[in-house]
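Reproduced below: data30.pdb, with PDB, C-alpha atoms.
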```pdb
MODEL        1
ATOM      1  CA  MET A   1       0.000   0.000   0.000  1.00  0.00           C
ATOM      2  CA  GLN A   2       1.458   3.342  -1.069  1.00  0.00           C
ATOM      3  CA  GLN A   3       0.990   6.261   1.307  1.00  0.00           C
ATOM      4  CA  THR A   4       0.392   9.755  -0.127  1.00  0.00           C
ATOM      5  CA  MET A   5       2.953  12.261   1.116  1.00  0.00           C
ATOM      6  CA  GLN A   6       1.444  15.272   2.813  1.00  0.00           C
ATOM      7  CA  GLN A   7       2.530  18.361   0.961  1.00  0.00           C
ATOM      8  CA  THR A   8       2.665  22.071   1.513  1.00  0.00           C
ATOM      9  CA  MET A   9       2.015  24.519  -1.288  1.00  0.00           C
ATOM     10  CA  ASN A  10       3.637  27.960  -1.093  1.00  0.00           C
ATOM     11  CA  VAL A  11       1.966  30.740  -3.047  1.00  0.00           C
ATOM     12  CA  SER A  12       4.493  33.503  -3.598  1.00  0.00           C
ATOM     13  CA  SER A  13       5.507  35.828  -6.401  1.00  0.00           C
ATOM     14  CA  ASN A  14       9.074  35.508  -5.070  1.00  0.00           C
ATOM     15  CA  GLN A  15       9.979  32.016  -6.234  1.00  0.00           C
ATOM     16  CA  PRO A  16      12.674  30.492  -3.995  1.00  0.00           C
ATOM     17  CA  SER A  17      15.742  28.818  -5.395  1.00  0.00           C
ATOM     18  CA  VAL A  18      15.530  25.078  -5.943  1.00  0.00           C
ATOM     19  CA  SER A  19      17.982  24.442  -3.109  1.00  0.00           C
ATOM     20  CA  SER A  20      15.762  26.190  -0.560  1.00  0.00           C
ATOM     21  CA  THR A  21      12.617  24.275  -1.513  1.00  0.00           C
ATOM     22  CA  ARG A  22      11.831  21.203   0.582  1.00  0.00           C
ATOM     23  CA  GLU A  23      10.980  17.913  -1.079  1.00  0.00           C
ATOM     24  CA  ASP A  24       7.428  17.998   0.283  1.00  0.00           C
ATOM     25  CA  THR A  25       6.762  21.572  -0.897  1.00  0.00           C
ATOM     26  CA  ILE A  26       5.153  22.769  -4.108  1.00  0.00           C
ATOM     27  CA  VAL A  27       5.776  26.385  -5.134  1.00  0.00           C
ATOM     28  CA  VAL A  28       3.388  28.354  -7.322  1.00  0.00           C
ATOM     29  CA  THR A  29       3.773  32.006  -8.204  1.00  0.00           C
ATOM     30  CA  THR A  30       0.209  33.216  -8.783  1.00  0.00           C
ATOM     31  CA  PRO A  31      -3.176  32.735  -7.116  1.00  0.00           C
ATOM     32  CA  LEU A  32      -4.483  31.244 -10.374  1.00  0.00           C
ATOM     33  CA  ASP A  33      -1.697  28.637 -10.356  1.00  0.00           C
ATOM     34  CA  ALA A  34      -2.674  27.783  -6.770  1.00  0.00           C
ATOM     35  CA  ILE A  35      -6.341  27.319  -7.662  1.00  0.00           C
ATOM     36  CA  LEU A  36      -5.481  25.184 -10.692  1.00  0.00           C
ATOM     37  CA  ARG A  37      -3.211  22.997  -8.559  1.00  0.00           C
ATOM     38  CA  LEU A  38      -5.861  22.660  -5.825  1.00  0.00           C
ATOM     39  CA  GLU A  39      -8.391  21.332  -8.337  1.00  0.00           C
ATOM     40  CA  HIS A  40      -6.354  18.094  -8.072  1.00  0.00           C
ATOM     41  CA  PRO A  41      -4.820  18.484  -4.586  1.00  0.00           C
ATOM     42  CA  GLU A  42      -3.052  15.069  -4.456  1.00  0.00           C
ATOM     43  CA  GLY A  43      -1.857  15.220  -0.864  1.00  0.00           C
ATOM     44  CA  ILE A  44      -1.793  18.993  -0.361  1.00  0.00           C
ATOM     45  CA  ARG A  45      -2.758  19.632   3.247  1.00  0.00           C
ATOM     46  CA  THR A  46      -1.432  23.160   3.813  1.00  0.00           C
ATOM     47  CA  VAL A  47      -1.244  26.305   1.690  1.00  0.00           C
ATOM     48  CA  VAL A  48       1.157  29.024   2.821  1.00  0.00           C
ATOM     49  CA  LEU A  49       0.542  32.507   1.451  1.00  0.00           C
ATOM     50  CA  ALA A  50       3.876  34.324   1.198  1.00  0.00           C
ATOM     51  CA  GLY A  51       5.268  37.542  -0.266  1.00  0.00           C
ATOM     52  CA  SER A  52       2.588  39.845  -1.653  1.00  0.00           C
ATOM     53  CA  CYS A  53      -0.031  37.108  -1.161  1.00  0.00           C
ATOM     54  CA  THR A  54       0.352  37.401   2.626  1.00  0.00           C
ATOM     55  CA  THR A  55      -1.794  40.541   2.703  1.00  0.00           C
ATOM     56  CA  ASN A  56      -4.405  39.229   0.261  1.00  0.00           C
ATOM     57  CA  GLY A  57      -7.297  38.595   2.623  1.00  0.00           C
ATOM     58  CA  GLU A  58      -9.683  37.890  -0.243  1.00  0.00           C
ATOM     59  CA  LEU A  59      -7.467  35.066  -1.515  1.00  0.00           C
ATOM     60  CA  ALA A  60      -7.184  33.536   1.958  1.00  0.00           C
ATOM     61  CA  ALA A  61     -10.971  33.725   2.460  1.00  0.00           C
ATOM     62  CA  PHE A  62     -11.638  32.277  -1.006  1.00  0.00           C
ATOM     63  CA  LEU A  63      -9.280  29.340  -0.507  1.00  0.00           C
ATOM     64  CA  SER A  64     -10.678  28.648   2.985  1.00  0.00           C
ATOM     65  CA  GLU A  65     -14.237  28.607   1.684  1.00  0.00           C
ATOM     66  CA  LEU A  66     -13.580  26.584  -1.456  1.00  0.00           C
ATOM     67  CA  TYR A  67     -11.149  24.084   0.137  1.00  0.00           C
ATOM     68  CA  PRO A  68     -12.240  23.680   3.791  1.00  0.00           C
ATOM     69  CA  SER A  69     -10.123  20.553   4.347  1.00  0.00           C
ATOM     70  CA  ILE A  70      -6.897  22.399   3.479  1.00  0.00           C
ATOM     71  CA  ARG A  71      -5.181  24.528   6.103  1.00  0.00           C
ATOM     72  CA  ILE A  72      -4.450  28.112   4.959  1.00  0.00           C
ATOM     73  CA  GLU A  73      -1.562  29.951   6.630  1.00  0.00           C
ATOM     74  CA  ARG A  74       0.109  33.306   6.094  1.00  0.00           C
ATOM     75  CA  GLU A  75       3.874  33.605   6.250  1.00  0.00           C
ATOM     76  CA  VAL A  76       4.949  35.846   9.088  1.00  0.00           C
TER      77      VAL A  76
ENDMDL
END
```

Just give me the structure of the file as structure tokens.
Amino acid sequence: MQQTMQQTMNVSSNQPSVSSTREDTIVVTTPLDAILRLEHPEGIRTVVLAGSCTTNGELAAFLSELYPSIRIEREV
């Protein structure tokens, strides 16, 4: 039986270098990319809003409402 790895998706316009990205992390650079990826979440359990997305309250509320089983966090 294969277990699905729990993943984190970072939404940030400031894409990190490959070396700073963890194996269990997906990075997308726009809210639209995030929504498209969440249509087939495949193990995504947490979305972290970073960079300019941190202050986007509408995006956080939208994601929380549309994907209630996924935890939405804002980078501090």

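Comparing the minimum interatomic distances between Leu63 in chain A and each of A:Val27, A:Met9, A:Ile35, A:Ala50, counting all atoms listed in the file, we find that A:Ile35 sits nearest.
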
Straight-line distance linking CA of Glu65 in chain A with CA of Ala34 in chain A, stated in Å to one decimal: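 CA of Ala34 in chain A lies at a distance of 14.3 Å from CA of Glu65 in chain A.
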
Excluding Thr55 in chain A and residues on its chain fewer than 2 positions from it, collect all residues at most 12 Å away from it, counting all atoms listed in the file, and give them as a PyMOL selection string. chain A and resi 11-12+48-53+57-61+73-76

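The result of the PyMOL selection byres ((chain A and resi 43) around 12) on the shown file is Gln3, Thr4, Met5, Gln6, Gln7, Thr8, Met9, Asp24, Thr25, Ile26, Arg37, Leu38, Glu39, His40, Pro41, Glu42, Ile44, Arg45, Thr46, Val47, Ser69 and Ile70 of chain A.
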
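From CA of Asn14 in chain A back to CA of Ser64 in chain A, the distance works out to 22.4 Å.
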
Saving range 23-50 of chain A with N, CA and C atoms, as a compact mmCIF listing (two decimals), in the first residue's frame, what would that file be?
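What follows is the written file out_36.txt:
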```
# COMPACT_ATOMS: atom_id res chain seq x y z
N GLU A 23 11.50 18.96 -0.21
CA GLU A 23 10.98 17.91 -1.08
C GLU A 23 9.46 17.82 -1.03
N ASP A 24 8.87 18.12 0.13
CA ASP A 24 7.43 18.00 0.28
C ASP A 24 6.69 19.32 0.04
N THR A 25 7.35 20.25 -0.65
CA THR A 25 6.76 21.57 -0.90
C THR A 25 6.60 21.84 -2.39
N ILE A 26 5.45 22.34 -2.75
CA ILE A 26 5.15 22.77 -4.11
C ILE A 26 5.15 24.29 -4.07
N VAL A 27 5.76 24.93 -5.07
CA VAL A 27 5.78 26.38 -5.13
C VAL A 27 5.04 26.83 -6.38
N VAL A 28 4.08 27.71 -6.20
CA VAL A 28 3.39 28.35 -7.32
C VAL A 28 3.54 29.85 -7.16
N THR A 29 3.47 30.57 -8.27
CA THR A 29 3.77 32.01 -8.20
C THR A 29 2.57 32.93 -8.37
N THR A 30 1.40 32.37 -8.66
CA THR A 30 0.21 33.22 -8.78
C THR A 30 -0.98 32.54 -8.10
N PRO A 31 -1.97 33.33 -7.68
CA PRO A 31 -3.18 32.73 -7.12
C PRO A 31 -3.88 31.79 -8.10
N LEU A 32 -3.86 32.12 -9.38
CA LEU A 32 -4.48 31.24 -10.37
C LEU A 32 -3.78 29.89 -10.43
N ASP A 33 -2.45 29.90 -10.39
CA ASP A 33 -1.70 28.64 -10.36
C ASP A 33 -2.09 27.81 -9.13
N ALA A 34 -2.28 28.48 -8.00
CA ALA A 34 -2.67 27.78 -6.77
C ALA A 34 -4.03 27.12 -6.94
N ILE A 35 -4.98 27.85 -7.48
CA ILE A 35 -6.34 27.32 -7.66
C ILE A 35 -6.32 26.14 -8.64
N LEU A 36 -5.57 26.28 -9.72
CA LEU A 36 -5.48 25.18 -10.69
C LEU A 36 -4.88 23.94 -10.05
N ARG A 37 -3.86 24.13 -9.23
CA ARG A 37 -3.21 23.00 -8.56
C ARG A 37 -4.15 22.35 -7.54
N LEU A 38 -4.95 23.18 -6.85
CA LEU A 38 -5.86 22.66 -5.83
C LEU A 38 -7.07 21.93 -6.42
N GLU A 39 -7.31 22.08 -7.70
CA GLU A 39 -8.39 21.33 -8.34
C GLU A 39 -8.09 19.83 -8.31
N HIS A 40 -6.82 19.48 -8.23
CA HIS A 40 -6.35 18.09 -8.07
C HIS A 40 -5.31 18.11 -6.96
N PRO A 41 -5.74 18.20 -5.69
CA PRO A 41 -4.82 18.48 -4.59
C PRO A 41 -3.77 17.41 -4.30
N GLU A 42 -4.03 16.14 -4.60
CA GLU A 42 -3.05 15.07 -4.46
C GLU A 42 -2.11 15.20 -3.26
N GLY A 43 -2.67 15.21 -2.07
CA GLY A 43 -1.86 15.22 -0.86
C GLY A 43 -1.59 16.59 -0.26
N ILE A 44 -2.03 17.65 -0.92
CA ILE A 44 -1.79 18.99 -0.36
C ILE A 44 -2.66 19.15 0.87
N ARG A 45 -2.04 19.45 1.98
CA ARG A 45 -2.76 19.63 3.25
C ARG A 45 -2.66 21.06 3.77
N THR A 46 -1.65 21.80 3.33
CA THR A 46 -1.43 23.16 3.81
C THR A 46 -1.05 24.06 2.65
N VAL A 47 -1.63 25.26 2.65
CA VAL A 47 -1.24 26.31 1.69
C VAL A 47 -0.68 27.46 2.50
N VAL A 48 0.52 27.90 2.15
CA VAL A 48 1.16 29.02 2.82
C VAL A 48 1.17 30.20 1.86
N LEU A 49 0.53 31.29 2.25
CA LEU A 49 0.54 32.51 1.45
C LEU A 49 1.76 33.32 1.86
N ALA A 50 2.62 33.62 0.91
CA ALA A 50 3.88 34.32 1.20
C ALA A 50 4.02 35.53 0.28
```
